[in-house]
>>> print(open('work.txt').read())   # compact mmCIF, C-alpha atoms
# COMPACT_ATOMS: atom_id res chain seq x y z
CA MET A 14 35.32 73.05 168.70
CA GLU A 15 33.85 75.74 166.44
CA LEU A 16 34.12 73.53 163.35
CA LEU A 17 32.41 70.70 165.20
CA LYS A 18 29.55 73.00 166.15
CA ARG A 19 29.21 74.10 162.51
CA PHE A 20 28.96 70.45 161.45
CA TYR A 21 26.25 69.88 164.08
CA GLU A 22 24.25 72.89 162.85
CA VAL A 23 23.90 71.34 159.39
CA ASN A 24 21.01 68.94 158.81
CA SER A 25 22.11 65.91 156.79
CA LYS A 26 19.32 63.38 156.82
CA SER A 27 20.12 60.34 154.64
CA GLY A 28 19.73 61.26 150.98
CA HIS A 29 20.17 64.98 151.71
CA GLU A 30 23.92 65.28 152.29
CA ASP A 31 24.74 68.12 149.86
CA GLN A 32 25.07 70.85 152.50
CA ILE A 33 27.36 68.85 154.79
CA LYS A 34 29.45 67.87 151.76
CA GLU A 35 30.00 71.50 150.85
CA LEU A 36 30.94 72.44 154.41
CA PHE A 37 33.34 69.51 154.63
CA LYS A 38 34.96 70.27 151.25
CA ALA A 39 35.38 73.92 152.22
CA GLN A 40 37.65 72.87 155.09
CA LEU A 41 39.97 71.17 152.60
CA ALA A 42 40.18 73.95 150.01
CA CYS A 43 43.73 74.93 151.00
CA LEU A 44 45.10 71.38 150.78
CA ASP A 45 46.90 69.73 147.88
CA ILE A 46 44.62 66.71 147.63
CA LEU A 47 42.58 64.80 145.07
CA VAL A 48 38.84 64.86 145.81
CA GLU A 49 36.56 62.63 143.73
CA GLU A 50 32.83 61.93 143.94
CA ASP A 51 31.22 58.82 142.49
CA ALA A 52 27.83 58.54 140.82
CA PHE A 53 26.17 57.56 144.11
CA GLY A 54 27.49 60.64 145.92
CA ASN A 55 30.31 59.12 147.99
CA ILE A 56 33.48 61.22 148.35
CA PHE A 57 36.97 59.75 147.98
CA ILE A 58 40.10 61.71 148.93
CA THR A 59 43.77 61.00 148.32
CA LYS A 60 46.57 63.01 149.91
CA GLY A 61 50.22 62.45 149.08
CA CYS A 62 51.90 59.92 146.83
CA ALA A 63 52.75 56.48 148.19
CA ASP A 64 52.79 52.81 147.28
CA SER A 65 50.30 52.13 150.07
CA TYR A 66 48.08 54.32 152.23
CA PRO A 67 46.36 54.33 155.59
CA CYS A 68 42.65 54.96 155.03
CA VAL A 69 39.95 56.45 157.25
CA THR A 70 36.20 56.51 156.71
CA ALA A 71 33.08 58.15 158.09
CA HIS A 72 29.55 58.73 156.80
CA LEU A 73 28.00 62.03 155.81
CA ASP A 74 24.40 61.37 156.79
CA GLU A 75 22.51 61.27 160.08
CA VAL A 76 19.21 59.76 161.23
CA HIS A 77 17.66 62.95 162.60
CA ALA A 78 14.98 64.85 160.69
CA PRO A 79 15.81 68.48 159.81
CA VAL A 80 15.10 70.92 162.63
CA GLU A 81 16.23 74.39 163.64
CA LYS A 82 18.53 73.91 166.61
CA SER A 83 20.98 75.68 168.87
CA ILE A 84 24.21 74.00 169.88
CA VAL A 85 24.85 74.02 173.63
CA VAL A 86 28.30 73.63 175.19
CA ASP A 87 28.06 72.70 178.86
CA GLY A 88 31.56 72.17 180.15
CA ASP A 89 32.89 69.15 178.25
CA MET A 90 29.45 68.14 176.93
CA ILE A 91 27.94 69.27 173.62
CA TYR A 92 24.28 68.81 172.70
CA ALA A 93 21.44 70.68 170.96
CA VAL A 94 18.00 72.11 171.73
CA ASP A 95 15.19 73.28 169.50
CA GLY A 96 13.34 76.62 169.72
CA CYS A 97 11.29 75.33 172.66
CA GLY A 98 14.35 74.26 174.59
CA GLU A 99 13.73 70.55 173.98
CA ARG A 100 16.70 68.29 173.30
CA VAL A 101 17.25 67.26 169.67
CA GLY A 102 19.92 65.16 168.00
CA ILE A 103 23.15 66.69 166.73
CA GLY A 104 24.20 64.04 164.22
CA ALA A 105 27.39 63.30 166.15
CA ASP A 106 26.93 59.90 164.54
CA ASP A 107 28.86 60.51 162.36
CA LYS A 108 29.87 64.17 162.22
CA ASN A 109 32.41 63.35 164.90
CA GLY A 110 34.05 61.13 162.29
CA LEU A 111 34.02 63.99 159.77
CA TRP A 112 35.68 66.28 162.33
CA ILE A 113 38.45 63.76 163.00
CA ILE A 114 39.06 63.12 159.31
CA THR A 115 39.25 66.86 158.63
CA HIS A 116 42.04 67.16 161.21
CA LEU A 117 43.88 64.11 159.89
CA LEU A 118 43.82 65.43 156.32
CA HIS A 119 45.41 68.65 157.55
CA THR A 120 48.14 66.92 159.55
CA LYS A 121 49.08 63.67 157.79
CA PRO A 122 51.25 63.86 154.65
CA VAL A 123 49.90 60.60 153.21
CA LEU A 124 46.29 59.50 153.70
CA LYS A 125 43.19 58.24 151.95
CA ALA A 126 39.67 58.98 153.16
CA ALA A 127 36.25 57.72 152.10
CA LEU A 128 33.07 59.60 153.07
CA PHE A 129 29.93 57.57 152.46
CA VAL A 130 26.36 58.73 151.96
CA GLN A 131 23.22 56.98 153.21
CA GLU A 132 24.84 54.79 155.85
CA GLU A 133 21.87 55.06 158.20
CA ARG A 134 18.65 53.10 157.76
CA ASP A 135 15.89 55.34 156.41
CA GLY A 136 12.40 53.94 156.94
CA GLU A 137 12.23 50.71 154.97
CA MET A 138 15.48 51.50 153.18
CA PRO A 139 18.47 49.47 154.41
CA GLY A 140 21.62 51.13 155.67
CA CYS A 141 25.11 51.28 154.15
CA ARG A 142 23.76 52.09 150.70
CA GLY A 143 26.73 54.22 149.72
CA SER A 144 29.34 51.66 150.74
CA ARG A 145 27.40 48.88 149.01
CA ALA A 146 27.32 50.90 145.76
CA CYS A 147 30.90 52.20 145.57
CA SER A 148 33.77 50.76 143.54
CA LEU A 149 36.24 48.82 145.67
CA ALA A 150 39.14 49.87 143.43
CA PHE A 151 39.83 52.95 145.61
CA PHE A 152 41.01 50.57 148.36
CA ASP A 153 43.42 48.55 146.19
CA ASN A 154 46.49 50.30 147.61
CA VAL A 155 45.44 50.82 151.24
CA ARG A 156 47.01 48.92 154.15
CA TYR A 157 43.98 49.10 156.41
CA ILE A 158 40.75 51.05 156.89
CA ILE A 159 39.79 52.79 160.13
CA ALA A 160 36.11 53.75 160.37
CA VAL A 161 35.48 56.49 162.92
CA ASP A 162 31.83 55.72 163.63
CA ARG A 163 31.41 54.12 167.05
CA LYS A 164 29.79 55.30 170.28
CA GLY A 165 31.78 55.70 173.47
CA ASN A 166 35.45 56.40 173.94
CA ASN A 167 37.38 53.15 174.28
CA GLU A 168 36.24 50.53 171.76
CA ILE A 169 37.65 49.08 168.55
CA VAL A 170 35.14 46.92 166.69
CA THR A 171 37.04 44.02 165.11
CA VAL A 172 34.01 41.77 164.50
CA GLY A 173 30.91 43.28 162.90
CA LYS A 174 27.27 42.26 162.79
CA GLY A 175 26.85 38.77 161.38
CA ASP A 176 30.19 37.67 162.85
CA ILE A 177 32.03 39.45 160.05
CA ARG A 178 35.73 39.41 160.91
CA LEU A 179 37.05 42.90 160.19
CA CYS A 180 40.65 42.49 161.34
CA ASP A 181 42.87 40.61 163.76
CA GLU A 182 43.30 42.15 167.17
CA ASP A 183 47.08 42.10 166.86
CA LEU A 184 46.85 44.76 164.13
CA PHE A 185 47.08 47.40 166.88
CA PRO A 186 50.28 47.94 168.89
CA SER A 187 49.59 46.92 172.49
CA ASP A 188 51.35 49.97 173.93
CA VAL A 189 49.08 52.30 171.95
CA LEU A 190 45.98 50.43 173.16
CA LEU A 191 47.23 50.72 176.73
CA LYS A 192 48.08 54.41 176.36
CA TYR A 193 44.54 55.35 175.31
CA GLY A 194 42.58 52.62 177.10
CA TYR A 195 41.04 51.12 173.96
CA GLU A 196 39.96 47.48 173.71
CA CYS A 197 38.75 45.22 170.92
CA VAL A 198 35.01 44.35 170.98
CA PRO A 199 32.30 42.95 168.69
CA GLY A 200 29.92 45.54 167.23
CA GLY A 201 27.12 46.25 164.81
CA ARG A 202 26.78 47.09 161.17
CA THR A 203 28.51 50.01 159.50
CA ASP A 204 30.19 50.82 156.20
CA VAL A 205 33.34 48.76 156.76
CA VAL A 206 31.17 45.71 157.52
CA ALA A 207 29.37 46.25 154.20
CA LEU A 208 32.73 46.51 152.41
CA LYS A 209 33.90 43.27 153.98
CA GLU A 210 30.65 41.55 153.01
CA ARG A 211 31.40 42.54 149.43
CA GLY A 212 34.72 40.71 149.58
CA LEU A 213 37.18 43.46 150.51
CA GLN A 214 40.37 41.82 151.83
CA VAL A 215 41.84 44.89 153.56
CA PRO A 216 41.89 44.83 157.40
CA CYS A 217 39.19 47.15 158.80
CA CYS A 218 37.93 48.33 162.17
CA ASN A 219 35.47 50.81 163.68
CA ILE A 220 36.66 53.11 166.47
CA SER A 221 34.81 54.98 169.24
CA CYS A 222 34.72 58.74 168.71
CA GLY A 223 33.10 60.29 171.76
CA TYR A 224 29.37 60.35 171.04
CA TYR A 225 26.59 58.91 173.20
CA ASN A 226 22.83 58.19 172.88
CA ALA A 227 23.18 57.93 169.10
CA HIS A 228 19.93 58.21 167.11
CA LYS A 229 18.11 59.75 170.08
CA PRO A 230 17.11 63.35 170.88
CA GLU A 231 19.39 63.09 173.92
CA GLU A 232 22.46 62.52 171.75
CA TYR A 233 25.58 64.30 172.98
CA THR A 234 29.36 64.43 172.61
CA VAL A 235 32.03 64.57 175.29
CA PHE A 236 34.63 66.74 173.62
CA THR A 237 37.67 65.37 175.47
CA HIS A 238 36.61 61.86 174.44
CA LEU A 239 36.45 63.03 170.82
CA GLU A 240 39.91 64.57 171.15
CA LYS A 241 41.21 61.30 172.61
CA SER A 242 39.85 59.43 169.60
CA LEU A 243 41.63 61.83 167.24
CA ALA A 244 44.91 61.34 169.11
CA PHE A 245 44.46 57.55 169.11
CA VAL A 246 43.76 57.33 165.37
CA SER A 247 46.64 59.70 164.67
CA ASP A 248 49.04 57.50 166.64
CA ILE A 249 47.80 54.34 164.89
CA ILE A 250 48.40 55.96 161.49
CA ASP A 251 51.92 56.93 162.55
CA ARG A 252 52.69 53.38 163.74
CA ILE A 253 51.23 50.99 161.16
>>> encode(input="work.txt", output="structure tokens")
Amino acid sequence: MELLKRFYEVNSKSGHEDQIKELFKAQLACLDILVEEDAFGNIFITKGCADSYPCVTAHLDEVHAPVEKSIVVDGDMIYAVDGCGERVGIGADDKNGLWIITHLLHTKPVLKAALFVQEERDGEMPGCRGSRACSLAFFDNVRYIIAVDRKGNNEIVTVGKGDIRLCDEDLFPSDVLLKYGYECVPGGRTDVVALKERGLQVPCCNISCGYYNAHKPEEYTVFTHLEKSLAFVSDIIDRI
């Protein structure tokens, strides 16, 4: 939980992701991995050598404006307050995804990961700017892409905004879905939807990772729900 709290303490408003990038990269310093950054600022990671890879994604930015905050742990719930004790956002959308990907990179022998900048809308600027600007070549040898960027604790988005088909529901073993209580649902727009709109043929999805009230001062995480998401994604990677 301490690493998650450190992620929450960092302000990473869209377009200002340098500090969260450095914190994230520092967690990977001991690993034998290839870390690349494109001209737009997206980070691409390859671990292990294989003919094909599972791939996970998250985004580095958040919607919340920079503010000094204290992270509060109340039982299983994590949130933040400012100096006046008022609730402020923690950027769990999508630092929860960064936390999960950090753990997966430490535990999986073969994995690709993509960390996108500027996924959130920023004023009049549209969202998913990093994923719309990146080269698709990184994904040429991946079997599927799991985005970890969804509210709640039991949803797999298989159809994105605009009726974009991300993957078939039978991609996921039924016994794993039953074990963790996940179900396939339609959802909104995120980086994997933008990749699909650009013509990417790889199956994609977006998975719940334990945050609630995204984009609001009352944003919070239920830590056991986040841990469940990590276990679910880990099992999926081991199975397909």
>>> closest_residue(input="work.txt", among="A:Ile169, A:Val85, A:Ala244, A:Ile56", to="Cys218 of chain A", atoms="only C-alpha atoms")
A:Ile169
>>> residues_around(input="work.txt", residues="segment 123-126 of chain A", least_positions_apart="2", cutoff="9 Å", atoms="only C-alpha atoms", output="PDB file with C-alpha atoms, in the coordinates of the input")
ATOM      1  CA  ILE A  56      33.480  61.220 148.350  1.00  0.00           C
ATOM      2  CA  PHE A  57      36.970  59.750 147.980  1.00  0.00           C
ATOM      3  CA  ILE A  58      40.100  61.710 148.930  1.00  0.00           C
ATOM      4  CA  THR A  59      43.770  61.000 148.320  1.00  0.00           C
ATOM      5  CA  LYS A  60      46.570  63.010 149.910  1.00  0.00           C
ATOM      6  CA  GLY A  61      50.220  62.450 149.080  1.00  0.00           C
ATOM      7  CA  CYS A  62      51.900  59.920 146.830  1.00  0.00           C
ATOM      8  CA  ALA A  63      52.750  56.480 148.190  1.00  0.00           C
ATOM      9  CA  TYR A  66      48.080  54.320 152.230  1.00  0.00           C
ATOM     10  CA  PRO A  67      46.360  54.330 155.590  1.00  0.00           C
ATOM     11  CA  CYS A  68      42.650  54.960 155.030  1.00  0.00           C
ATOM     12  CA  VAL A  69      39.950  56.450 157.250  1.00  0.00           C
ATOM     13  CA  THR A  70      36.200  56.510 156.710  1.00  0.00           C
ATOM     14  CA  ALA A  71      33.080  58.150 158.090  1.00  0.00           C
ATOM     15  CA  ILE A 114      39.060  63.120 159.310  1.00  0.00           C
ATOM     16  CA  LEU A 117      43.880  64.110 159.890  1.00  0.00           C
ATOM     17  CA  LEU A 118      43.820  65.430 156.320  1.00  0.00           C
ATOM     18  CA  LYS A 121      49.080  63.670 157.790  1.00  0.00           C
ATOM     19  CA  LEU A 128      33.070  59.600 153.070  1.00  0.00           C
ATOM     20  CA  PHE A 151      39.830  52.950 145.610  1.00  0.00           C
ATOM     21  CA  PHE A 152      41.010  50.570 148.360  1.00  0.00           C
ATOM     22  CA  VAL A 155      45.440  50.820 151.240  1.00  0.00           C
ATOM     23  CA  ILE A 158      40.750  51.050 156.890  1.00  0.00           C
ATOM     24  CA  ILE A 250      48.400  55.960 161.490  1.00  0.00           C
TER      25      ILE A 250
END
>>> closest_atom_pairs(input="work.txt", of="segment 79-191 of chain A", to="segment 26-36 of chain A", cutoff="7 Å", atoms="all atoms listed in the file", output="tab-separated table")
residue	atom	partner	partner_atom	distance
A:Pro79	CA	A:Lys26	CA	6.9
A:Val130	CA	A:Ser27	CA	7.0
A:Gln131	CA	A:Ser27	CA	4.8
A:Glu133	CA	A:Ser27	CA	6.6
A:Asp135	CA	A:Ser27	CA	6.8
>>> residues_around(input="work.txt", residues="Lys174 of chain A", least_positions_apart="4", cutoff="12 Å", atoms="all atoms listed in the file", output="list of chain:residue names")
A:Val170, A:Arg178, A:Leu179, A:Val198, A:Pro199, A:Gly200, A:Gly201, A:Arg202, A:Thr203, A:Asp204, A:Val205, A:Val206, A:Ala207, A:Lys209, A:Glu210, A:Asn219
>>> closest_residue(input="work.txt", among="A:Arg211, A:Ile113, A:Lys108, A:Ile220", to="Arg163 of chain A", atoms="all atoms listed in the file")
A:Ile220
>>> residues_around(input="work.txt", residues="Lys164 of chain A", least_positions_apart="6", cutoff="6 Å", atoms="all atoms listed in the file", output="PyMOL selection string")
chain A and resi 221+224-225
>>> closest_residue(input="work.txt", among="A:Val189, A:Val235, A:Leu41, A:Cys180", to="Thr115 of chain A", atoms="only C-alpha atoms")
A:Leu41
>>> residues_around(input="work.txt", residues="Asn55 of chain A", least_positions_apart="6", cutoff="9 Å", atoms="only C-alpha atoms", output="PyMOL selection string")
chain A and resi 49+72-73+127-130+143-144+147
>>> write_last_selection(input="work.txt", atoms="C-alpha atoms", output="PDB file, keeping the file's coordinate frame")
ATOM      1  CA  GLU A  49      36.560  62.630 143.730  1.00  0.00           C
ATOM      2  CA  HIS A  72      29.550  58.730 156.800  1.00  0.00           C
ATOM      3  CA  LEU A  73      28.000  62.030 155.810  1.00  0.00           C
ATOM      4  CA  ALA A 127      36.250  57.720 152.100  1.00  0.00           C
ATOM      5  CA  LEU A 128      33.070  59.600 153.070  1.00  0.00           C
ATOM      6  CA  PHE A 129      29.930  57.570 152.460  1.00  0.00           C
ATOM      7  CA  VAL A 130      26.360  58.730 151.960  1.00  0.00           C
ATOM      8  CA  GLY A 143      26.730  54.220 149.720  1.00  0.00           C
ATOM      9  CA  SER A 144      29.340  51.660 150.740  1.00  0.00           C
ATOM     10  CA  CYS A 147      30.900  52.200 145.570  1.00  0.00           C
TER      11      CYS A 147
END
>>> closest_residue(input="work.txt", among="A:Pro122, A:Gly173, A:Gly212, A:Gly136", to="Ser247 of chain A", atoms="all atoms listed in the file")
A:Pro122
>>> atom_distance(input="work.txt", atom1="atom CA of Asp183 of chain A", atom2="atom CA of Thr171 of chain A")
10.4 Å
>>> build_atoms(input="work.txt", residues="segment 236-252 of chain A", atoms="N, CA, C and O atoms", output="PDB file, in the coordinates of the input")
ATOM      1  N   PHE A 236      33.610  66.233 174.529  1.00  0.00           N
ATOM      2  CA  PHE A 236      34.630  66.740 173.620  1.00  0.00           C
ATOM      3  C   PHE A 236      36.007  66.151 173.914  1.00  0.00           C
ATOM      4  O   PHE A 236      36.760  65.841 172.982  1.00  0.00           O
ATOM      5  N   THR A 237      36.358  65.965 175.175  1.00  0.00           N
ATOM      6  CA  THR A 237      37.670  65.370 175.470  1.00  0.00           C
ATOM      7  C   THR A 237      37.746  63.923 174.993  1.00  0.00           C
ATOM      8  O   THR A 237      38.824  63.445 174.629  1.00  0.00           O
ATOM      9  N   HIS A 238      36.620  63.223 174.967  1.00  0.00           N
ATOM     10  CA  HIS A 238      36.610  61.860 174.440  1.00  0.00           C
ATOM     11  C   HIS A 238      36.821  61.881 172.929  1.00  0.00           C
ATOM     12  O   HIS A 238      37.504  61.009 172.376  1.00  0.00           O
ATOM     13  N   LEU A 239      36.237  62.870 172.260  1.00  0.00           N
ATOM     14  CA  LEU A 239      36.450  63.030 170.820  1.00  0.00           C
ATOM     15  C   LEU A 239      37.920  63.350 170.538  1.00  0.00           C
ATOM     16  O   LEU A 239      38.524  62.794 169.605  1.00  0.00           O
ATOM     17  N   GLU A 240      38.501  64.230 171.326  1.00  0.00           N
ATOM     18  CA  GLU A 240      39.910  64.570 171.150  1.00  0.00           C
ATOM     19  C   GLU A 240      40.808  63.350 171.385  1.00  0.00           C
ATOM     20  O   GLU A 240      41.817  63.158 170.679  1.00  0.00           O
ATOM     21  N   LYS A 241      40.439  62.524 172.362  1.00  0.00           N
ATOM     22  CA  LYS A 241      41.210  61.300 172.610  1.00  0.00           C
ATOM     23  C   LYS A 241      41.155  60.379 171.404  1.00  0.00           C
ATOM     24  O   LYS A 241      42.169  59.777 171.015  1.00  0.00           O
ATOM     25  N   SER A 242      39.989  60.264 170.788  1.00  0.00           N
ATOM     26  CA  SER A 242      39.850  59.430 169.600  1.00  0.00           C
ATOM     27  C   SER A 242      40.740  59.935 168.471  1.00  0.00           C
ATOM     28  O   SER A 242      41.407  59.146 167.791  1.00  0.00           O
ATOM     29  N   LEU A 243      40.758  61.248 168.277  1.00  0.00           N
ATOM     30  CA  LEU A 243      41.630  61.830 167.240  1.00  0.00           C
ATOM     31  C   LEU A 243      43.090  61.480 167.522  1.00  0.00           C
ATOM     32  O   LEU A 243      43.824  61.061 166.618  1.00  0.00           O
ATOM     33  N   ALA A 244      43.526  61.642 168.760  1.00  0.00           N
ATOM     34  CA  ALA A 244      44.910  61.340 169.110  1.00  0.00           C
ATOM     35  C   ALA A 244      45.228  59.863 168.908  1.00  0.00           C
ATOM     36  O   ALA A 244      46.308  59.495 168.423  1.00  0.00           O
ATOM     37  N   PHE A 245      44.267  58.993 169.265  1.00  0.00           N
ATOM     38  CA  PHE A 245      44.460  57.550 169.110  1.00  0.00           C
ATOM     39  C   PHE A 245      44.607  57.174 167.644  1.00  0.00           C
ATOM     40  O   PHE A 245      45.548  56.466 167.257  1.00  0.00           O
ATOM     41  N   VAL A 246      43.692  57.645 166.813  1.00  0.00           N
ATOM     42  CA  VAL A 246      43.760  57.330 165.370  1.00  0.00           C
ATOM     43  C   VAL A 246      45.046  57.885 164.766  1.00  0.00           C
ATOM     44  O   VAL A 246      45.702  57.227 163.949  1.00  0.00           O
ATOM     45  N   SER A 247      45.416  59.092 165.171  1.00  0.00           N
ATOM     46  CA  SER A 247      46.640  59.700 164.670  1.00  0.00           C
ATOM     47  C   SER A 247      47.854  58.834 165.000  1.00  0.00           C
ATOM     48  O   SER A 247      48.731  58.607 164.159  1.00  0.00           O
ATOM     49  N   ASP A 248      47.920  58.340 166.247  1.00  0.00           N
ATOM     50  CA  ASP A 248      49.040  57.500 166.640  1.00  0.00           C
ATOM     51  C   ASP A 248      49.046  56.175 165.874  1.00  0.00           C
ATOM     52  O   ASP A 248      50.107  55.681 165.482  1.00  0.00           O
ATOM     53  N   ILE A 249      47.878  55.586 165.662  1.00  0.00           N
ATOM     54  CA  ILE A 249      47.800  54.340 164.890  1.00  0.00           C
ATOM     55  C   ILE A 249      48.334  54.570 163.483  1.00  0.00           C
ATOM     56  O   ILE A 249      49.121  53.765 162.952  1.00  0.00           O
ATOM     57  N   ILE A 250      47.945  55.654 162.849  1.00  0.00           N
ATOM     58  CA  ILE A 250      48.400  55.960 161.490  1.00  0.00           C
ATOM     59  C   ILE A 250      49.917  56.131 161.465  1.00  0.00           C
ATOM     60  O   ILE A 250      50.594  55.715 160.502  1.00  0.00           O
ATOM     61  N   ASP A 251      50.473  56.731 162.491  1.00  0.00           N
ATOM     62  CA  ASP A 251      51.920  56.930 162.550  1.00  0.00           C
ATOM     63  C   ASP A 251      52.680  55.618 162.778  1.00  0.00           C
ATOM     64  O   ASP A 251      53.866  55.527 162.426  1.00  0.00           O
ATOM     65  N   ARG A 252      52.000  54.619 163.337  1.00  0.00           N
ATOM     66  CA  ARG A 252      52.690  53.380 163.740  1.00  0.00           C
ATOM     67  C   ARG A 252      52.550  52.247 162.726  1.00  0.00           C
ATOM     68  O   ARG A 252      53.454  51.405 162.620  1.00  0.00           O
TER      69      ARG A 252
END
